[in-house]
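Below: the structure, in structure tokens.
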Amino acid sequence: MSLDRCCIHTITTKPWALPEAVEKYAAAGVKGISVWQNATEGIGPRRAGEIIRGAGLEIVSYVRGGFFPHTSSAGRAQAIDHNKKLLEEAATLGAPMIVLVCGASPDQSLDVSRNQIREGIEAILPLAEKLNVKLAIEPLHPMYAADRSAINTLGQANDMAEFFRSDYVGVAVDVYHLWWDQDLEKEIIRCGANGNLFAYHVCDWKVNTIDLLNDRGLMGEGCIDLKKIRGWVESTGFNGFCEVEIFSNIHWAKDQDIFLKEITDAFVQHV
């Protein structure tokens, strides 16, 4: 695949500060960037946006909102306030979308957490619409159901997005979390048919994973059929960026210039 559709999340090259990442991505021929909140620390979202646009990169998303469920009403209110702050930052940055890692609490049922996610999105949606920033619900692998997200399948994410019937609520499809689902093709088609396929994230699932959070694979290192899944995504009419999002202690420990070259080579060959 051409690098014209390559976007990289700043967390993928975590050792680089944002200005360096922007310079390196642009020089490598990457066209898009998804900005994690920590990358704007010290420079602020307004200046970050200026740096990114000055290098000719397109801002694809701001990462990450969500984490709505809490056993206390005070905790839920605090989460809503935090997400509203993130929306303001996204608008200042110039990001068209926030990715929502929806959250969960091990001290309550998944059903209760899902209801609180729905209520949280409902509470921030008016501001998202006002600021023209979309909300992309990202379903996470079931291994994260206890404390990171009670939305674990694309079917559940589709249900949630369809509940709102809003142009501002959709879904981020991440292959790391969804590749195993026997209903994935059907649910991708459903997502696209409803106009809810907002984002597509790529990496790979290593067979001998040593850390379930920070050992994601570079595309081609694992067992995900990336080209097949991209075919399903594109069959819906999606022609946006393919976003490289890799958390990896192994890759972060490398010379990041070498890692970036590996990313772009893998993107062209395997995505």
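Simple scheme: letters A, B, ... for chains in structure tokens order, numbers from 1 for residues in each chain, numbers from 1 for ligands in the order shown.
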Test item, strand (DSSP E or B) assignment across stretch 11-203 of chain A, answer as a ChimeraX atom specification: /A:32-36,58-66,97-101,103,134-137,149,169-174,197-202
Next, write the just-selected residues to a file, as a short mmCIF file (atom, residue, chain, number, x, y, z; two decimals), in the first residue's frame, keeping N, CA, C and O atoms as the atom set.
data_model
loop_
_atom_site.label_atom_id
_atom_site.label_comp_id
_atom_site.auth_asym_id
_atom_site.auth_seq_id
_atom_site.Cartn_x
_atom_site.Cartn_y
_atom_site.Cartn_z
N GLY A 32 0.03 11.21 7.39
CA GLY A 32 -0.90 11.50 8.47
C GLY A 32 -0.29 11.22 9.83
O GLY A 32 0.66 10.45 9.97
N ILE A 33 -0.87 11.86 10.86
CA ILE A 33 -0.42 11.65 12.23
C ILE A 33 -1.62 11.65 13.15
O ILE A 33 -2.54 12.47 13.00
N SER A 34 -1.65 10.71 14.08
CA SER A 34 -2.63 10.73 15.16
C SER A 34 -1.87 11.06 16.44
O SER A 34 -0.87 10.42 16.77
N VAL A 35 -2.35 12.07 17.13
CA VAL A 35 -1.61 12.68 18.23
C VAL A 35 -2.14 12.19 19.56
O VAL A 35 -3.32 12.36 19.88
N TRP A 36 -1.27 11.57 20.36
CA TRP A 36 -1.62 11.22 21.72
C TRP A 36 -1.46 12.44 22.61
O TRP A 36 -0.56 13.27 22.40
N GLU A 58 -1.28 15.62 7.85
CA GLU A 58 -2.69 15.74 8.19
C GLU A 58 -2.93 15.13 9.57
O GLU A 58 -2.51 14.02 9.85
N ILE A 59 -3.63 15.88 10.42
CA ILE A 59 -3.99 15.36 11.74
C ILE A 59 -5.22 14.48 11.57
O ILE A 59 -6.27 14.93 11.12
N VAL A 60 -5.09 13.22 11.96
CA VAL A 60 -6.16 12.25 11.74
C VAL A 60 -7.03 12.10 12.98
O VAL A 60 -8.26 12.05 12.88
N SER A 61 -6.42 12.05 14.17
CA SER A 61 -7.21 11.92 15.39
C SER A 61 -6.40 12.37 16.60
O SER A 61 -5.18 12.53 16.53
N TYR A 62 -7.12 12.58 17.69
CA TYR A 62 -6.54 12.89 19.00
C TYR A 62 -6.87 11.71 19.91
O TYR A 62 -8.01 11.24 19.94
N VAL A 63 -5.86 11.25 20.63
CA VAL A 63 -6.00 10.00 21.38
C VAL A 63 -5.57 10.24 22.83
O VAL A 63 -4.51 10.83 23.05
N ARG A 64 -6.36 9.89 23.80
CA ARG A 64 -7.57 9.13 23.75
C ARG A 64 -8.51 9.58 24.85
O ARG A 64 -8.07 9.91 25.95
N GLY A 65 -9.77 9.61 24.55
CA GLY A 65 -10.80 9.90 25.53
C GLY A 65 -11.42 8.62 26.05
O GLY A 65 -10.94 7.52 25.80
N GLY A 66 -12.54 8.78 26.78
CA GLY A 66 -13.26 7.61 27.28
C GLY A 66 -13.08 7.40 28.76
O GLY A 66 -13.09 8.34 29.54
N MET A 97 -11.30 14.25 15.17
CA MET A 97 -11.87 13.07 15.83
C MET A 97 -11.08 12.75 17.10
O MET A 97 -9.87 12.95 17.15
N ILE A 98 -11.81 12.26 18.11
CA ILE A 98 -11.19 11.70 19.31
C ILE A 98 -11.49 10.21 19.33
O ILE A 98 -12.62 9.78 19.07
N VAL A 99 -10.49 9.41 19.65
CA VAL A 99 -10.67 7.97 19.83
C VAL A 99 -11.06 7.72 21.29
O VAL A 99 -10.40 8.23 22.21
N LEU A 100 -12.12 6.94 21.49
CA LEU A 100 -12.61 6.64 22.82
C LEU A 100 -12.24 5.22 23.23
O LEU A 100 -12.73 4.25 22.64
N VAL A 101 -11.36 5.09 24.21
CA VAL A 101 -11.15 3.83 24.92
C VAL A 101 -12.15 3.88 26.08
O VAL A 101 -11.93 4.59 27.05
N GLY A 103 -13.51 2.31 28.67
CA GLY A 103 -13.36 2.08 30.08
C GLY A 103 -14.21 0.94 30.61
O GLY A 103 -15.11 0.43 29.95
N LYS A 134 -15.52 14.48 15.96
CA LYS A 134 -16.22 13.20 16.02
C LYS A 134 -15.68 12.33 17.17
O LYS A 134 -14.54 12.50 17.61
N LEU A 135 -16.53 11.39 17.58
CA LEU A 135 -16.19 10.45 18.65
C LEU A 135 -16.13 9.05 18.07
O LEU A 135 -17.14 8.54 17.56
N ALA A 136 -14.97 8.43 18.12
CA ALA A 136 -14.78 7.09 17.55
C ALA A 136 -14.64 6.07 18.68
O ALA A 136 -13.63 6.05 19.39
N ILE A 137 -15.66 5.22 18.85
CA ILE A 137 -15.63 4.17 19.86
C ILE A 137 -14.69 3.06 19.38
O ILE A 137 -14.88 2.49 18.30
N SER A 149 -11.93 -1.61 28.91
CA SER A 149 -13.09 -1.36 28.05
C SER A 149 -14.10 -2.49 28.16
O SER A 149 -13.75 -3.66 27.99
N VAL A 169 -20.86 10.16 16.12
CA VAL A 169 -20.50 8.97 16.89
C VAL A 169 -20.31 7.80 15.93
O VAL A 169 -21.24 7.44 15.19
N GLY A 170 -19.12 7.23 15.94
CA GLY A 170 -18.83 6.09 15.08
C GLY A 170 -17.85 5.16 15.75
O GLY A 170 -17.78 5.08 16.98
N VAL A 171 -17.05 4.46 14.94
CA VAL A 171 -16.22 3.37 15.45
C VAL A 171 -14.81 3.46 14.86
O VAL A 171 -14.63 3.82 13.69
N ALA A 172 -13.83 3.11 15.69
CA ALA A 172 -12.46 2.89 15.23
C ALA A 172 -12.19 1.39 15.23
O ALA A 172 -12.29 0.74 16.28
N VAL A 173 -11.88 0.84 14.09
CA VAL A 173 -11.60 -0.60 13.93
C VAL A 173 -10.10 -0.80 14.05
O VAL A 173 -9.33 -0.30 13.22
N ASP A 174 -9.68 -1.52 15.09
CA ASP A 174 -8.26 -1.82 15.32
C ASP A 174 -8.06 -3.32 15.19
O ASP A 174 -8.63 -4.10 15.95
N LEU A 197 -17.94 3.86 10.16
CA LEU A 197 -16.55 3.42 10.14
C LEU A 197 -15.66 4.66 10.02
O LEU A 197 -15.41 5.17 8.94
N PHE A 198 -15.21 5.14 11.18
CA PHE A 198 -14.46 6.39 11.23
C PHE A 198 -12.96 6.21 11.10
O PHE A 198 -12.26 7.13 10.66
N ALA A 199 -12.42 5.07 11.54
CA ALA A 199 -10.97 4.92 11.59
C ALA A 199 -10.58 3.45 11.50
O ALA A 199 -11.34 2.56 11.88
N TYR A 200 -9.35 3.22 11.00
CA TYR A 200 -8.83 1.87 10.83
C TYR A 200 -7.39 1.84 11.31
O TYR A 200 -6.53 2.55 10.78
N HIS A 201 -7.11 1.03 12.35
CA HIS A 201 -5.79 0.95 12.97
C HIS A 201 -5.13 -0.39 12.66
O HIS A 201 -5.79 -1.43 12.71
N VAL A 202 -3.82 -0.37 12.41
CA VAL A 202 -3.10 -1.60 12.06
C VAL A 202 -1.85 -1.79 12.92
O VAL A 202 -1.21 -0.83 13.35
#
Contact residues around A:Pro139 with only C-alpha atoms at 7 Å, ignoring same-chain residues under 6 positions, as a list in words: Ile151, Asn152, Thr153, Leu154, Ala157 and His177 of chain A
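One distance worth recording is that between atom CA of A:Ile246 and atom CA of A:Gly56, which is 22.8 Å.
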Sorted by chain and rising residue number, list the residues of stretch 109-191 of chain A at most 12 Å from stretch 70-74 of chain A (counting only C-alpha atoms), each with its closest atom pair and distance in Å to one decimal, as a Markdown table.
| residue | atom | partner | partner_atom | distance |
| --- | --- | --- | --- | --- |
| A:Ser109 | CA | A:Thr71 | CA | 10.2 |
| A:Leu110 | CA | A:His70 | CA | 11.5 |
| A:Val112 | CA | A:Thr71 | CA | 9.3 |
| A:Ser113 | CA | A:His70 | CA | 7.6 |
| A:Arg114 | CA | A:His70 | CA | 10.9 |
| A:Asn115 | CA | A:His70 | CA | 11.0 |
| A:Gln116 | CA | A:His70 | CA | 7.9 |
| A:Ile117 | CA | A:His70 | CA | 9.7 |
| A:Glu119 | CA | A:Ser73 | CA | 11.8 |
| A:Gly120 | CA | A:His70 | CA | 10.7 |
| A:Asp147 | CA | A:His70 | CA | 10.1 |
| A:Arg148 | CA | A:His70 | CA | 11.5 |
| A:Ser149 | CA | A:His70 | CA | 11.9 |
| A:Ala150 | CA | A:His70 | CA | 11.9 |
With N, CA and C atoms retained, export the selected residues as a short mmCIF file (atom, residue, chain, number, x, y, z; two decimals), in the first residue's frame.
data_model
loop_
_atom_site.label_atom_id
_atom_site.label_comp_id
_atom_site.auth_asym_id
_atom_site.auth_seq_id
_atom_site.Cartn_x
_atom_site.Cartn_y
_atom_site.Cartn_z
N SER A 109 -20.63 -4.90 37.13
CA SER A 109 -20.86 -5.77 35.99
C SER A 109 -20.54 -5.04 34.68
N LEU A 110 -20.29 -5.83 33.65
CA LEU A 110 -20.05 -5.26 32.33
C LEU A 110 -21.28 -4.50 31.84
N VAL A 112 -23.43 -2.80 33.62
CA VAL A 112 -23.44 -1.49 34.28
C VAL A 112 -22.41 -0.57 33.64
N SER A 113 -21.21 -1.10 33.38
CA SER A 113 -20.18 -0.29 32.74
C SER A 113 -20.63 0.18 31.35
N ARG A 114 -21.27 -0.71 30.61
CA ARG A 114 -21.74 -0.32 29.27
C ARG A 114 -22.80 0.77 29.34
N ASN A 115 -23.68 0.69 30.31
CA ASN A 115 -24.67 1.74 30.48
C ASN A 115 -24.00 3.07 30.82
N GLN A 116 -22.96 3.02 31.62
CA GLN A 116 -22.25 4.25 31.97
C GLN A 116 -21.46 4.81 30.79
N ILE A 117 -20.97 3.94 29.93
CA ILE A 117 -20.33 4.40 28.70
C ILE A 117 -21.34 5.15 27.83
N GLU A 119 -24.06 6.63 28.79
CA GLU A 119 -24.39 7.89 29.45
C GLU A 119 -23.26 8.91 29.29
N GLY A 120 -22.02 8.44 29.35
CA GLY A 120 -20.89 9.34 29.19
C GLY A 120 -20.82 9.95 27.80
N ASP A 147 -10.97 -3.82 33.05
CA ASP A 147 -10.64 -2.48 33.54
C ASP A 147 -10.33 -1.45 32.46
N ARG A 148 -10.31 -1.86 31.19
CA ARG A 148 -9.97 -0.88 30.14
C ARG A 148 -11.11 -0.60 29.18
N SER A 149 -11.93 -1.61 28.91
CA SER A 149 -13.09 -1.36 28.05
C SER A 149 -14.10 -2.49 28.16
N ALA A 150 -15.34 -2.11 28.41
CA ALA A 150 -16.45 -3.06 28.41
C ALA A 150 -17.04 -3.23 27.01
#
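A straight line drawn from atom CA of A:Gln182 to atom CA of A:Asn194 is 20.2 Å long.
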Nearest to A:Asp107 by atom-to-atom distance, counting only C-alpha atoms, from A:Glu89, A:Ala123, A:Phe163, A:Ala145: A:Ala145
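A straight line drawn from atom CA of A:Lys14 to atom CA of A:Asn249 is 9.8 Å long.
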Filtered DSSP result for stretch 15-55 of chain A, state helix (DSSP H, G or I), as a PyMOL selection string: chain A and resi 18-28+37-40+44-54
Residue contacts of stretch 125-133 of chain A (7 Å, only C-alpha atoms) excluding same-chain residues fewer than 4 positions away, as a ChimeraX atom specification: /A:87,91,96-98,121,168
Could you write those residues out with C-alpha atoms, as an mmCIF file, in the first residue's frame?
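New file result_7.cif:
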data_model
loop_
_atom_site.group_PDB
_atom_site.id
_atom_site.type_symbol
_atom_site.label_atom_id
_atom_site.label_comp_id
_atom_site.auth_asym_id
_atom_site.auth_seq_id
_atom_site.Cartn_x
_atom_site.Cartn_y
_atom_site.Cartn_z
ATOM 1 C CA LEU A 87 -12.652 17.776 23.080
ATOM 2 C CA ALA A 91 -10.553 21.363 18.471
ATOM 3 C CA PRO A 96 -11.370 16.014 13.469
ATOM 4 C CA MET A 97 -11.869 13.066 15.833
ATOM 5 C CA ILE A 98 -11.192 11.701 19.305
ATOM 6 C CA ILE A 121 -20.999 9.635 25.419
ATOM 7 C CA TYR A 168 -20.556 12.441 15.305
#
A:Ala26 environment, 12 Å, only C-alpha atoms, sequence neighbours closer than 2 positions dropped, as number ranges by chain: A: 3-4, 6-8, 19-24, 28-33, 51-58, 260, 264
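Proximity to A:Glu50 was assessed for A:Asn38, A:Leu93, A:Cys203, A:Ala146 counting only C-alpha atoms; the smallest distance is recorded for A:Leu93.
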Neighbour list for A:Ile188 as a list in words, cut-off 10 Å, only C-alpha atoms, skip fewer than 4 positions in-chain: Leu154, Gly155, Asn158, Val171, Val173, Asp183, Leu184, Gly192, Ala193, Asn196, Leu197, Ile229, Trp232, Val233, Glu234, Ser235 and Thr236 of chain A
